Structures are given as structure tokens and as C-alpha cells.
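Engineer: Dropping a structure here in C-alpha cells format, bear with me for questions.
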Amino acid sequence: MSLLDYFRISKVGTASLAKERLQILVAHERTSKHQPSYLPQLQKELLEVIQKYVKVSQDAISVTFEQDEHQETLELNIVLPDNQAKNT
Amino acid sequence: MARIIVVTSGKGGVGKTTTSAAIAMGLAKKGHKTAVIDFDVGLRNLDLIMGCERRVVYDFVNVINGEATLNQALIRDKNCNLLYILPASQTRDKDALSQEGVGRVLDELKKDFKYIVCDSPAGIEKGAHLAMYFADDAFVVTNPEVSSVRDSDRMLGILSSKSRRAEQNEEPINEFLLLTRYAPERVKLGEMLSVDDVQDILSLHLLGVIPESKSVLNASNSGTPVILDEKSDAGQAYADIVARYLGEERPHRFIDDKKGFFRNLFGGN
């Protein structure tokens with residue numbers, strides 16, 4: 001920090017940006033930390049089975065794991081394409 | 001009852017060994033018989049920081065393998081006769097430490113020592129796992145910097161799920177935050193995460209802040225724990241931390257920018 005620095009304009013600190021990024025990241029990592037390790041494999045296999053019958057895309061299926069004090073919930077979400085859902 | 005303290009961080013280079021050396025010396029200076037163990041197998045460095053590198057004959061792995069007794073391997077510190085160092089092995093065998101072996105050595109140390117400080121290696125591999133596994137208290141060393149804070153959070157997750165206390169459903173490890181390499185003048189300018197920012201993110205009990213200080217490099221150059229440099233800011237900060245850990249009330253220092261406007265103005269350090 002020297003005399004010249006006082007004449008520089010637009011000196012915005014980056015610490016607030018660091019905090020914001022960390023808060024989002026840490027919150028995300030804390031929720032995924034408790035997920036069982038088989039979750040990605042489960043998701044992959046489910047997708048394969050579903051694709052046998054319905055043409056769904058890679059991101060049409062999501063498996064989420066939630067945990068509170070009393071129970072653990074495994075939530076499975078599959079978005080079926082409109083027309084094919086009617087045909088099967 | 002002996003207590004096992006792990007000094008951990010996840011990230012490397014944040015000051016784990018400096019901290020281990022300082023707090024072990026501080027506890028011993030307060031009259032408690034203390035052992036400090038280097039868990040960084042293959043990359044031992046605690047001996048250098050403690051200034052006993054030329055007195056290493058046997059190491060931690062020799063003791064685990066029964067090639068030496070604990071008394072043969074422990075090095076008595078030259079500055080304090082209540083402090084002993086157990087150096088790491090320089091072997092490249094990463095499986096040299098076993099959970100059973102480490103547990104056995106720690107049990108033996110607990111009979112004779114009040115505090116056992118475990119200097120963890122960086123990372124989350126075996127050495128780091130074993131350093132924290134048997135701990136009662138954890139000192140999480142963190143720099144006010146994004147990657148260090150993130151890694152500390154990961155480490156907290158591991159402490160709460162993978163330790164002996166967690167596995168046996170005992171009371172969890174007491175976790176403390178040590179914020180190191182802190183530069184109050186940069187925090188003031190909004191360039192560095194503040195103590196409050198880091199605490200907001202990690203929600204940990206703050207044991208103390210160690211300011212960025214020339215005395216830390218001076219201390220490691222000469223192989224004397226920085227806490228013995230009683231005139232230095234870092235030395236005093238570590239002394240405060242030891243006192244707080246032992247239950248003394250001490251106000252936090254080195255958090256605010258004490259340098260005057262004019263000193264900042266002319267680039268003083």
C-alpha cells in the first residue's frame with residue numbers, strides 16, 4: 001500500500017466475491033457429502049433401463065437424496081417426452 | 001487424562017507444521033508433558049522446524065514395526081525438557097502406517113503424556129486419515145483464501161464422519177479454527193476474507209488468528225518454534241492460542257489493522 005494506490009480509481013475489493021462463491025460452494029458440497037456413494041451408478045443404470053422403453057435424454061432423469069433428522073428420502077424424477085409417453 | 005490434538009487442514013502450505021511445533025512447545029512450556037508426532041511419512045519436516053533433524057535415529061514407523069522402542073525414537077526437545085518429538089519415517093512405502101499400529105503407539109504415549117499433538121500431512125489420504133482418527137480435539141488451520149477454506153470444510157466433514165469418535169458414536173471431536181497468514185491491512189481494503197467471513201462459512205469456534213509475519217520464516221530458518229520468539233506478533237498469537245485452549249480468557253489480537261494511516265500511505269510494512 002503506497003501513496004500511488006490512493007490515486008487509483010475503481011479499487012473494489014475481491015474478498016466479498018470470494019465469500020459469496022465459497023458460501024454457495026460449501027452449501028452445495030455439504031448436501032452432497034451425505035449422499036450414498038452408489039447414487040451416480042444407480043442413476044446411470046436407471047437411465048439405461050428407462051432408455052430401453054422410452055427415448056429419454058441423459059438429463060431427463062435426476063436422482064436426489066435428502067436427509068433430515070427422521071428419515072432419508074431418495075427422490076427419482078424422470079421427465080418423459082410428450083409424444084412417446086402416450087405411445088407406450 | 002491425556003488428550004490427542006490433531007493439527008489438520010486438507011490444503012498444504014497453510015501452516016500445519018509451524019502450528020504443531022508452536023502449540024506443542026506452548027503446552028510444554030505451560031508445564032504439560034507433551035509429545036508431537038509427524039504423520040507425514042515420506043516427507044518429514046517437523047524435525048527441521050523443531051531443530052532436531054540431526055538427532056533423528058529411529059522414527060514412528062520403526063516403533064510401529066517393533067524395530068525400536070518408543071523411548072528410543074522420542075527426541076527430547078533442546079529448549080524444553082517436557083517436550084518430545086516423534087519424527088516421521090522417510091520411507092516411500094505409503095502403507096507404512098497402520099491404524100492398529102498408530103493406535104498402539106498412541107495408547108502407549110497416553111500413559112506418560114498429557115498432550116499428544118499429531119501433525120497431519122496435507123490431503124485426505126491415509127496419513128491424514130490416521131492423524132485425525134484417534135483425535136479428541138482438532139485444530140483446523142486455515143488461510144483466508146478460497147481453496148484453503150473449501151478444503152477446511154471438507155476436512156470438517158471427514159472429522160465428523162470418519163474419526164474413531166464418530167465410528168463409535170462417542171462425543172464428536174472438538175473442532176477449533178486457527179486462521180493463519182492473516183493480513184489485517186488487506187482485509188481492511190477488502191482484498192482478503194475477514195475472520196468473520198471465514199467464521200460465517202465454516203461456523204467454527206475461533207481459537208486464534210496468526211498474523212502474516214516475518215518471524216515465522218525466521219523461526220523455521222533457525223529451527224526454533226515461533227512461539228519462543230516472544231517479541232514477535234506470531235509468537236504472541238500462538239501463546240494466546242495455547243492459553244485459550246487451556247481455558248484462559250484472552251481477548252483476540254492481531255485482527256485489526258494497527259498501522260497508522262501515514263504508515264500505510266508510505267508503504268510501510
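Chain labels A, B, ... are given in the sequence in which chains occur in the C-alpha cells; within each chain residues are numbered consecutively from 1, and ligands are likewise numbered from 1 in the order shown.
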What's around Gly127 in chain B at 12 Å? Count only C-alpha atoms, leave out sequence neighbours fewer than 2 positions away in its own chain, and write the answer as a ChimeraX atom specification.

Structural biologist: /B:6,8,10,37-44,61,88-89,93-99,102,118-125,129-133

Engineer: Given the selection you just returned, output its residues as a file containing N, CA and C atoms, formatted as an mmCIF file, in the first residue's frame.

Structural biologist:
```cif
data_model
loop_
_atom_site.group_PDB
_atom_site.id
_atom_site.type_symbol
_atom_site.label_atom_id
_atom_site.label_comp_id
_atom_site.auth_asym_id
_atom_site.auth_seq_id
_atom_site.Cartn_x
_atom_site.Cartn_y
_atom_site.Cartn_z
ATOM 1 N N VAL B 6 -5.228 -33.106 16.889
ATOM 2 C CA VAL B 6 -4.740 -33.178 15.505
ATOM 3 C C VAL B 6 -4.695 -31.767 14.921
ATOM 4 N N THR B 8 -4.721 -30.061 11.495
ATOM 5 C CA THR B 8 -5.096 -30.523 10.165
ATOM 6 C C THR B 8 -5.584 -29.359 9.309
ATOM 7 N N GLY B 10 -6.334 -30.143 5.347
ATOM 8 C CA GLY B 10 -6.648 -30.532 3.972
ATOM 9 C C GLY B 10 -5.610 -29.961 3.027
ATOM 10 N N ILE B 37 3.909 -35.544 17.131
ATOM 11 C CA ILE B 37 4.193 -36.623 16.171
ATOM 12 C C ILE B 37 4.030 -36.125 14.744
ATOM 13 N N ASP B 38 5.016 -36.423 13.918
ATOM 14 C CA ASP B 38 4.943 -36.101 12.494
ATOM 15 C C ASP B 38 4.297 -37.283 11.750
ATOM 16 N N PHE B 39 3.127 -37.060 11.168
ATOM 17 C CA PHE B 39 2.426 -38.122 10.426
ATOM 18 C C PHE B 39 2.731 -38.084 8.932
ATOM 19 N N ASP B 40 3.573 -37.165 8.509
ATOM 20 C CA ASP B 40 3.831 -37.022 7.074
ATOM 21 C C ASP B 40 4.931 -37.988 6.638
ATOM 22 N N VAL B 41 4.552 -39.264 6.509
ATOM 23 C CA VAL B 41 5.518 -40.300 6.153
ATOM 24 C C VAL B 41 6.043 -40.055 4.734
ATOM 25 N N GLY B 42 7.348 -40.063 4.601
ATOM 26 C CA GLY B 42 7.959 -39.828 3.290
ATOM 27 C C GLY B 42 8.392 -38.390 3.097
ATOM 28 N N LEU B 43 7.734 -37.474 3.776
ATOM 29 C CA LEU B 43 8.082 -36.049 3.652
ATOM 30 C C LEU B 43 8.190 -35.423 5.039
ATOM 31 N N ARG B 44 9.077 -35.960 5.851
ATOM 32 C CA ARG B 44 9.133 -35.471 7.220
ATOM 33 C C ARG B 44 9.742 -34.067 7.258
ATOM 34 N N VAL B 61 7.636 -45.132 12.202
ATOM 35 C CA VAL B 61 7.426 -46.440 11.560
ATOM 36 C C VAL B 61 8.280 -47.522 12.231
ATOM 37 N N ALA B 88 8.668 -38.510 11.638
ATOM 38 C CA ALA B 88 8.092 -39.405 10.633
ATOM 39 C C ALA B 88 9.217 -40.166 9.959
ATOM 40 N N SER B 89 8.856 -41.253 9.331
ATOM 41 C CA SER B 89 9.813 -42.039 8.575
ATOM 42 C C SER B 89 9.992 -41.422 7.187
ATOM 43 N N ASP B 93 7.150 -46.101 1.322
ATOM 44 C CA ASP B 93 6.025 -47.031 1.405
ATOM 45 C C ASP B 93 4.838 -46.330 2.070
ATOM 46 N N LYS B 94 3.802 -46.069 1.278
ATOM 47 C CA LYS B 94 2.701 -45.280 1.823
ATOM 48 C C LYS B 94 1.822 -46.076 2.787
ATOM 49 N N ASP B 95 2.031 -47.395 2.821
ATOM 50 C CA ASP B 95 1.249 -48.199 3.761
ATOM 51 C C ASP B 95 2.010 -48.484 5.048
ATOM 52 N N ALA B 96 3.086 -47.720 5.280
ATOM 53 C CA ALA B 96 3.913 -47.977 6.463
ATOM 54 C C ALA B 96 3.133 -47.769 7.764
ATOM 55 N N LEU B 97 2.176 -46.849 7.755
ATOM 56 C CA LEU B 97 1.358 -46.622 8.949
ATOM 57 C C LEU B 97 0.101 -47.491 8.864
ATOM 58 N N SER B 98 -0.216 -48.159 9.973
ATOM 59 C CA SER B 98 -1.471 -48.902 10.013
ATOM 60 C C SER B 98 -2.304 -48.351 11.163
ATOM 61 N N GLN B 99 -3.601 -48.487 11.041
ATOM 62 C CA GLN B 99 -4.480 -47.965 12.094
ATOM 63 C C GLN B 99 -4.201 -48.643 13.424
ATOM 64 N N VAL B 102 -0.726 -47.344 14.765
ATOM 65 C CA VAL B 102 -0.819 -45.973 15.271
ATOM 66 C C VAL B 102 -1.573 -45.961 16.599
ATOM 67 N N CYS B 118 -0.719 -34.281 16.956
ATOM 68 C CA CYS B 118 -0.491 -35.022 15.717
ATOM 69 C C CYS B 118 -0.442 -34.044 14.549
ATOM 70 N N ASP B 119 0.732 -33.925 13.939
ATOM 71 C CA ASP B 119 0.918 -33.029 12.801
ATOM 72 C C ASP B 119 0.506 -33.784 11.536
ATOM 73 N N SER B 120 -0.647 -33.435 10.980
ATOM 74 C CA SER B 120 -1.192 -34.159 9.837
ATOM 75 C C SER B 120 -0.498 -33.759 8.537
ATOM 76 N N PRO B 121 -0.328 -34.696 7.610
ATOM 77 C CA PRO B 121 0.094 -34.290 6.270
ATOM 78 C C PRO B 121 -1.067 -33.628 5.532
ATOM 79 N N ALA B 122 -0.756 -32.954 4.432
ATOM 80 C CA ALA B 122 -1.823 -32.372 3.607
ATOM 81 C C ALA B 122 -2.596 -33.496 2.928
ATOM 82 N N GLY B 123 -3.728 -33.147 2.367
ATOM 83 C CA GLY B 123 -4.519 -34.129 1.625
ATOM 84 C C GLY B 123 -5.492 -34.867 2.521
ATOM 85 N N ILE B 124 -6.148 -35.890 1.932
ATOM 86 C CA ILE B 124 -7.098 -36.677 2.715
ATOM 87 C C ILE B 124 -6.764 -38.162 2.573
ATOM 88 N N GLU B 125 -5.487 -38.442 2.295
ATOM 89 C CA GLU B 125 -5.060 -39.830 2.140
ATOM 90 C C GLU B 125 -4.799 -40.459 3.507
ATOM 91 N N HIS B 129 -5.691 -39.295 7.341
ATOM 92 C CA HIS B 129 -6.773 -40.028 7.988
ATOM 93 C C HIS B 129 -6.339 -40.540 9.364
ATOM 94 N N LEU B 130 -5.147 -41.142 9.412
ATOM 95 C CA LEU B 130 -4.673 -41.698 10.683
ATOM 96 C C LEU B 130 -4.324 -40.612 11.695
ATOM 97 N N ALA B 131 -3.850 -39.462 11.201
ATOM 98 C CA ALA B 131 -3.523 -38.363 12.120
ATOM 99 C C ALA B 131 -4.759 -37.887 12.863
ATOM 100 N N MET B 132 -5.914 -37.878 12.176
ATOM 101 C CA MET B 132 -7.126 -37.358 12.821
ATOM 102 C C MET B 132 -7.958 -38.450 13.485
ATOM 103 N N TYR B 133 -7.733 -39.711 13.105
ATOM 104 C CA TYR B 133 -8.652 -40.779 13.505
ATOM 105 C C TYR B 133 -8.850 -40.883 15.024
#
```

Engineer: Quick one: everything within 12 Å of Glu29 in chain A, counting only C-alpha atoms, minus sequence neighbours fewer than 6 positions away in the same chain. Send it as a VMD selection string.

Structural biologist: (chain A and resid 22 to 23 35) or (chain B and resid 150 to 151 153 to 157)

Engineer: Based on the selection just made, write all heavy atoms of those residues as a PDB file, in the first residue's frame.

Structural biologist:
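As a result, result_26.pdb now contains:
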```pdb
ATOM      1  N   LEU A  22     -17.668 -18.941  -2.006  1.00  0.00           N
ATOM      2  CA  LEU A  22     -17.461 -20.002  -1.022  1.00  0.00           C
ATOM      3  C   LEU A  22     -18.763 -20.449  -0.373  1.00  0.00           C
ATOM      4  O   LEU A  22     -18.981 -21.634  -0.147  1.00  0.00           O
ATOM      5  CB  LEU A  22     -16.496 -19.521   0.057  1.00  0.00           C
ATOM      6  CG  LEU A  22     -15.014 -19.743  -0.231  1.00  0.00           C
ATOM      7  CD1 LEU A  22     -14.173 -19.014   0.797  1.00  0.00           C
ATOM      8  CD2 LEU A  22     -14.669 -21.232  -0.221  1.00  0.00           C
ATOM      9  N   GLN A  23     -19.613 -19.477  -0.074  1.00  0.00           N
ATOM     10  CA  GLN A  23     -20.867 -19.834   0.602  1.00  0.00           C
ATOM     11  C   GLN A  23     -21.719 -20.764  -0.265  1.00  0.00           C
ATOM     12  O   GLN A  23     -22.289 -21.732   0.221  1.00  0.00           O
ATOM     13  CB  GLN A  23     -21.645 -18.575   0.974  1.00  0.00           C
ATOM     14  CG  GLN A  23     -21.147 -17.994   2.298  1.00  0.00           C
ATOM     15  CD  GLN A  23     -21.799 -16.687   2.678  1.00  0.00           C
ATOM     16  OE1 GLN A  23     -22.082 -15.878   1.792  1.00  0.00           O
ATOM     17  NE2 GLN A  23     -22.000 -16.462   3.957  1.00  0.00           N
ATOM     18  N   GLN A  35     -24.613 -37.969   0.629  1.00  0.00           N
ATOM     19  CA  GLN A  35     -25.229 -38.880  -0.329  1.00  0.00           C
ATOM     20  C   GLN A  35     -24.495 -40.210  -0.346  1.00  0.00           C
ATOM     21  O   GLN A  35     -23.285 -40.250  -0.252  1.00  0.00           O
ATOM     22  CB  GLN A  35     -25.180 -38.255  -1.729  1.00  0.00           C
ATOM     23  CG  GLN A  35     -26.124 -37.090  -1.871  1.00  0.00           C
ATOM     24  CD  GLN A  35     -26.128 -36.534  -3.275  1.00  0.00           C
ATOM     25  OE1 GLN A  35     -25.311 -36.902  -4.102  1.00  0.00           O
ATOM     26  NE2 GLN A  35     -27.060 -35.661  -3.539  1.00  0.00           N
TER      27      GLN A  35
ATOM     28  N   ARG B 150     -12.279 -23.905   1.518  1.00  0.00           N
ATOM     29  CA  ARG B 150     -13.028 -25.035   0.989  1.00  0.00           C
ATOM     30  C   ARG B 150     -12.474 -26.355   1.521  1.00  0.00           C
ATOM     31  O   ARG B 150     -13.226 -27.239   1.945  1.00  0.00           O
ATOM     32  CB  ARG B 150     -12.949 -25.027  -0.530  1.00  0.00           C
ATOM     33  CG  ARG B 150     -13.675 -26.182  -1.152  1.00  0.00           C
ATOM     34  CD  ARG B 150     -13.185 -26.441  -2.544  1.00  0.00           C
ATOM     35  NE  ARG B 150     -14.263 -26.965  -3.388  1.00  0.00           N
ATOM     36  CZ  ARG B 150     -14.141 -27.119  -4.692  1.00  0.00           C
ATOM     37  NH1 ARG B 150     -13.041 -26.747  -5.308  1.00  0.00           N
ATOM     38  NH2 ARG B 150     -15.129 -27.611  -5.391  1.00  0.00           N
ATOM     39  N   ASP B 151     -11.140 -26.504   1.497  1.00  0.00           N
ATOM     40  CA  ASP B 151     -10.529 -27.744   1.969  1.00  0.00           C
ATOM     41  C   ASP B 151     -10.769 -27.951   3.464  1.00  0.00           C
ATOM     42  O   ASP B 151     -10.951 -29.075   3.918  1.00  0.00           O
ATOM     43  CB  ASP B 151      -9.022 -27.744   1.678  1.00  0.00           C
ATOM     44  CG  ASP B 151      -8.736 -27.911   0.185  1.00  0.00           C
ATOM     45  OD1 ASP B 151      -9.708 -28.038  -0.584  1.00  0.00           O
ATOM     46  OD2 ASP B 151      -7.558 -27.896  -0.201  1.00  0.00           O
ATOM     47  N   ASP B 153     -13.400 -27.053   5.046  1.00  0.00           N
ATOM     48  CA  ASP B 153     -14.776 -27.529   5.180  1.00  0.00           C
ATOM     49  C   ASP B 153     -14.867 -29.025   4.871  1.00  0.00           C
ATOM     50  O   ASP B 153     -15.577 -29.765   5.544  1.00  0.00           O
ATOM     51  CB  ASP B 153     -15.706 -26.731   4.266  1.00  0.00           C
ATOM     52  CG  ASP B 153     -17.162 -27.079   4.525  1.00  0.00           C
ATOM     53  OD1 ASP B 153     -17.645 -26.764   5.632  1.00  0.00           O
ATOM     54  OD2 ASP B 153     -17.802 -27.709   3.658  1.00  0.00           O
ATOM     55  N   ARG B 154     -14.122 -29.454   3.850  1.00  0.00           N
ATOM     56  CA  ARG B 154     -14.072 -30.880   3.522  1.00  0.00           C
ATOM     57  C   ARG B 154     -13.508 -31.665   4.701  1.00  0.00           C
ATOM     58  O   ARG B 154     -14.000 -32.733   5.052  1.00  0.00           O
ATOM     59  CB  ARG B 154     -13.155 -31.100   2.306  1.00  0.00           C
ATOM     60  CG  ARG B 154     -13.738 -30.581   1.006  1.00  0.00           C
ATOM     61  CD  ARG B 154     -14.542 -31.630   0.298  1.00  0.00           C
ATOM     62  NE  ARG B 154     -13.697 -32.686  -0.261  1.00  0.00           N
ATOM     63  CZ  ARG B 154     -14.094 -33.941  -0.439  1.00  0.00           C
ATOM     64  NH1 ARG B 154     -15.304 -34.296  -0.086  1.00  0.00           N
ATOM     65  NH2 ARG B 154     -13.283 -34.826  -0.962  1.00  0.00           N
ATOM     66  N   MET B 155     -12.463 -31.117   5.298  1.00  0.00           N
ATOM     67  CA  MET B 155     -11.808 -31.778   6.425  1.00  0.00           C
ATOM     68  C   MET B 155     -12.789 -31.892   7.600  1.00  0.00           C
ATOM     69  O   MET B 155     -12.814 -32.920   8.290  1.00  0.00           O
ATOM     70  CB  MET B 155     -10.594 -30.936   6.826  1.00  0.00           C
ATOM     71  CG  MET B 155      -9.477 -31.721   7.415  1.00  0.00           C
ATOM     72  SD  MET B 155      -8.840 -32.964   6.285  1.00  0.00           S
ATOM     73  CE  MET B 155      -8.758 -34.345   7.387  1.00  0.00           C
ATOM     74  N   LEU B 156     -13.602 -30.856   7.819  1.00  0.00           N
ATOM     75  CA  LEU B 156     -14.580 -30.899   8.911  1.00  0.00           C
ATOM     76  C   LEU B 156     -15.559 -32.047   8.697  1.00  0.00           C
ATOM     77  O   LEU B 156     -15.947 -32.735   9.642  1.00  0.00           O
ATOM     78  CB  LEU B 156     -15.335 -29.569   8.997  1.00  0.00           C
ATOM     79  CG  LEU B 156     -14.522 -28.379   9.505  1.00  0.00           C
ATOM     80  CD1 LEU B 156     -15.318 -27.095   9.354  1.00  0.00           C
ATOM     81  CD2 LEU B 156     -14.118 -28.586  10.961  1.00  0.00           C
ATOM     82  N   GLY B 157     -15.940 -32.245   7.441  1.00  0.00           N
ATOM     83  CA  GLY B 157     -16.835 -33.359   7.119  1.00  0.00           C
ATOM     84  C   GLY B 157     -16.198 -34.691   7.467  1.00  0.00           C
ATOM     85  O   GLY B 157     -16.847 -35.588   8.008  1.00  0.00           O
TER      86      GLY B 157
END
```

Engineer: Neighbouring residues of Gly223 in chain B were defined as those with any atom within 6 Å, considering only C-alpha atoms; residues of the same chain fewer than 2 positions away were excluded. Please report them as a VMD selection string.

Structural biologist: chain B and resid 48 to 51 219 to 221

Engineer: Go ahead and save the residues from that selection, with N, CA and C atoms, as an mmCIF file, in the first residue's frame.

Structural biologist:
```cif
data_model
loop_
_atom_site.group_PDB
_atom_site.id
_atom_site.type_symbol
_atom_site.label_atom_id
_atom_site.label_comp_id
_atom_site.auth_asym_id
_atom_site.auth_seq_id
_atom_site.Cartn_x
_atom_site.Cartn_y
_atom_site.Cartn_z
ATOM 1 N N LEU B 48 12.821 -30.589 11.242
ATOM 2 C CA LEU B 48 13.522 -29.370 10.812
ATOM 3 C C LEU B 48 12.979 -28.140 11.526
ATOM 4 N N ILE B 49 11.653 -28.075 11.619
ATOM 5 C CA ILE B 49 11.012 -26.918 12.253
ATOM 6 C C ILE B 49 11.338 -26.883 13.758
ATOM 7 N N MET B 50 11.480 -28.083 14.339
ATOM 8 C CA MET B 50 11.817 -28.171 15.765
ATOM 9 C C MET B 50 13.326 -28.094 16.002
ATOM 10 N N GLY B 51 14.106 -28.137 14.937
ATOM 11 C CA GLY B 51 15.560 -28.039 15.076
ATOM 12 C C GLY B 51 16.224 -29.282 15.628
ATOM 13 N N ALA B 219 11.852 -18.187 12.259
ATOM 14 C CA ALA B 219 11.812 -19.299 13.207
ATOM 15 C C ALA B 219 12.135 -20.611 12.499
ATOM 16 N N SER B 220 11.564 -20.828 11.312
ATOM 17 C CA SER B 220 11.832 -22.094 10.628
ATOM 18 C C SER B 220 13.271 -22.116 10.105
ATOM 19 N N ASN B 221 13.797 -20.979 9.695
ATOM 20 C CA ASN B 221 15.211 -20.919 9.281
ATOM 21 C C ASN B 221 16.127 -21.414 10.387
#
```

Engineer: DSSP on the backbone, then: every residue of range 66-232 of chain B marked strand (DSSP E or B), written as a PyMOL selection string.

Structural biologist: chain B and resi 75-76+83-86+115-119+137-142+174-182+205-211

Engineer: What is the distance, in Å and to one decimal place, between CA of Val36 in chain B and CA of Ser20 in chain B?

Structural biologist: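 Here the two named atoms are 7.2 Å from each other.
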
Engineer: For chain A, which residue among B:Asn79, B:Gln90, B:Ser213, B:Ser161 is the nearest when counting only C-alpha atoms?

Structural biologist: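 Distance minimum relative to chain A lands on B:Ser161.
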
Engineer: Restricting the calculation to only C-alpha atoms, which member of B:Asn143, B:Thr69, B:Ser194, B:Asn62 is positioned closest to Ala15 in chain A?

Structural biologist: B:Ser194
